[in-house]
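K.L.:
Could you have a look at this structure, given as structure tokens, before my questions?
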Amino acid sequence: MHTRLLVPLWLAAALVGLATSADAQVAASKDGAASDSPLTVVELFTSQGCSSCPSADAILAKLATRADVLALSLPVDYWDYLGWKDTLANPKFAERQKAYKSALGVPMIYTPMMVVSGLTQVNGSDEEKVLLAIEKSARIVAATRVPLHIVAKDGHLVIEAGAVKQIGHPHPKDATLWLAPIAKSVEVPIARGENRGKTVTYYNVVRELIPVGMWTGDAVTVQLDRSSVMRPGAERCAALLQQGRGGPIIGAALLPE
């Protein structure tokens with residue numbers, strides 16, 4: 001399977017005009033000089049009932065330690081019939097994966113599938129291809145990102161998405177602002193199914209994806225009651241700004257610990 005990076009025409013044009021800017025951001029990130037570096041989002045669709053998933057889960061665990069990557073586990077339930085009910089699965093994640101299938105032209109959904117910033121997909125158990133997909137996507141992320149921040153204040157979560165006004169910057173389509181409550185790590189002993197007898201640790205497990213607002217190119221701030229949006233077992237959360245259903249992720253932020 002070859003990694004495919006699908007680039008809309010407006011993105012391709014933007015990359016030509018913003019190459020210098022993107023190079024500067026990447027260089028600043030390597031030098032540690034940029035405190036607001038772009039995040040490449042990696043979503044792993046995984047299952048406790050999938051025998052080829054533990055290797056991908058281990059790769060995601062390593063990605064979760066990178067400062068330039070927001071690595072997320074999204075457990076799905078469509079392998080439950082094999083004899084083990086995934087204890088972390090959310091049926092909404094399979095629907096999200098189907099949206100990527102349509103947007104990216106994938107013949108079928110599968111596990112372990114990794115989607116990189118909504119731009120490309122790759123088999124998550126192939127570390128070389130995963131790292132290459134992240135590297136290829138990083139330039140687009142740096143050149144087209146929308147500034148996004150999330151902070152906790154007085155029992156609330158405050159999410160701020162910046163405006164796109166500078167000359168030469170592509171003006172993306174409207175995008176949905178998502179909140180993702182996350183469990184940092186969950187250890188699961190698997191008693192039945194293809195992984196019976198194994199204990200697998202899952203990292204950055206998304207417990208829910210909640211649409212909390214819309215962005216149309218102008219700056220927007222959303223304030224949420226933290227207790228009402230967090231989920232059982234979630235210690236932290238991330239914010240995503242994504243175009244359409246299964247489109248590019250144009251902004252990402254992780255709540256500081």
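Numbering starts fresh at 1 for the residues of each chain in the structure tokens, the chains themselves are lettered A, B, ... in the order given, and ligands are numbered from 1 as they appear.
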Using only C-alpha atoms, which protein or nucleic acid residues come within 9 Å of region 118-131 of chain A? Drop anything in the same chain fewer than 6 positions from it, and give the result as number ranges by chain.

P.N.:
A: 1-7, 41-46, 52-60, 100, 103-104, 106, 110-112, 137, 242-243, 246-250

K.L.:
Could you pull the residues within 8 Å of Thr199 (chain A), counting only C-alpha atoms, minus those fewer than 6 positions along the same chain, as a list of chain:residue names?

P.N.:
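Neighbouring residues, sequence-local ones excluded: A:Glu187, A:Val188, A:Pro189, A:Ile190.
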
K.L.:
Return the single residue from A:Gly193, A:Pro256, A:Pro147, A:Pro107 that is closest to Ala238 (chain A), with distances computed using only C-alpha atoms.

P.N.:
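Closest to Ala238 (chain A) of all the choices is A:Pro256.
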
K.L.:
So how far away is CA of Leu209 (chain A) from CA of Arg96 (chain A), in Å?

P.N.:
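So the answer is 9.7 Å.
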
K.L.:
Mind listing the strand (DSSP E or B) residues of region 164-241 of chain A, per DSSP on the backbone, as a ChimeraX atom specification?

P.N.:
/A:175-189,199-206,210-215,220-225,236-241

K.L.:
What is the CA of Gly83 (chain A)-CA of Glu208 (chain A) distance in Å, reported with one decimal?

P.N.:
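Calculated distance between CA of Gly83 (chain A) and CA of Glu208 (chain A) is 24.3 Å.
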
K.L.:
Counting only C-alpha atoms, what are the residues of region 142-230 of chain A within 10 Å of region 65-71 of chain A, and for each of them which pair of atoms is the nearest and at what distance in Å, to one decimal? Sort the table by chain and rising number, as a Markdown table.

P.N.:
```
| residue | atom | partner | partner_atom | distance |
| --- | --- | --- | --- | --- |
| A:Tyr203 | CA | A:Ala71 | CA | 8.3 |
| A:Asn204 | CA | A:Ala71 | CA | 6.8 |
| A:Val205 | CA | A:Ala71 | CA | 9.2 |
```

K.L.:
Which residue is closest to Cys50 (chain A)? Choose from A:Leu132, A:Val220, A:Ala152, A:Leu82 and count only C-alpha atoms.

P.N.:
A:Leu82

K.L.:
Per DSSP on the backbone, filter region 56-253 of chain A down to the residues in alpha helix (DSSP H) and report them as an NGL selection string.

P.N.:
:A and (56-63 or 91-104 or 127-144 or 226-229)

K.L.:
I want to know what sits within 10 Å of Arg231 (chain A), based on only C-alpha atoms, with residues of the same chain fewer than 3 positions away left out; could you give that as a CSV table (one decimal) with N, CA and C atoms, in the first residue's frame?

P.N.:
```csv
chain,number,residue,atom,x,y,z
A,180,ALA,N,-11.9,17.1,22.2
A,180,ALA,CA,-11.7,15.7,22.4
A,180,ALA,C,-11.2,15.4,23.8
A,181,PRO,N,-12.0,15.0,24.8
A,181,PRO,CA,-11.5,14.5,26.1
A,181,PRO,C,-10.7,13.3,25.9
A,182,ILE,N,-9.5,13.2,26.6
A,182,ILE,CA,-8.5,12.2,26.4
A,182,ILE,C,-8.1,11.5,27.7
A,183,ALA,N,-8.0,10.2,27.6
A,183,ALA,CA,-7.4,9.4,28.7
A,183,ALA,C,-5.9,9.2,28.3
A,206,VAL,N,-9.1,8.8,22.9
A,206,VAL,CA,-10.2,9.8,22.8
A,206,VAL,C,-11.4,9.1,23.4
A,207,ARG,N,-12.1,9.8,24.3
A,207,ARG,CA,-13.3,9.3,24.9
A,207,ARG,C,-14.6,9.8,24.3
A,208,GLU,N,-14.4,10.9,23.5
A,208,GLU,CA,-15.6,11.5,22.8
A,208,GLU,C,-15.1,12.6,21.9
A,226,ARG,N,-16.2,23.0,32.1
A,226,ARG,CA,-15.3,21.9,32.0
A,226,ARG,C,-16.0,20.6,32.5
A,227,SER,N,-16.7,20.7,33.6
A,227,SER,CA,-17.3,19.5,34.2
A,227,SER,C,-18.4,18.9,33.2
A,228,SER,N,-19.0,19.7,32.3
A,228,SER,CA,-20.0,19.2,31.5
A,228,SER,C,-19.5,18.5,30.2
A,234,ALA,N,-11.1,10.6,31.5
A,234,ALA,CA,-10.3,11.6,30.7
A,234,ALA,C,-9.6,12.6,31.6
A,235,GLU,N,-8.3,12.7,31.5
A,235,GLU,CA,-7.6,13.6,32.3
A,235,GLU,C,-7.2,14.9,31.6
A,236,ARG,N,-7.3,14.9,30.3
A,236,ARG,CA,-6.8,16.1,29.5
A,236,ARG,C,-7.7,16.2,28.3
A,237,CYS,N,-7.5,17.2,27.5
A,237,CYS,CA,-8.3,17.3,26.3
A,237,CYS,C,-7.6,18.0,25.2
```

K.L.:
For Pro38 (chain A), list every protein, DNA or RNA residue within 8 Å, evaluated using only C-alpha atoms, and leave out those in the same chain fewer than 4 positions away; present the list as a count of residues only.

P.N.:
6

K.L.:
Go ahead and compute the interatomic distance for CA of Tyr202 (chain A) and CA of Leu254 (chain A), in Å to one decimal.

P.N.:
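Value for the CA of Tyr202 (chain A)-CA of Leu254 (chain A) distance: 17.8 Å.
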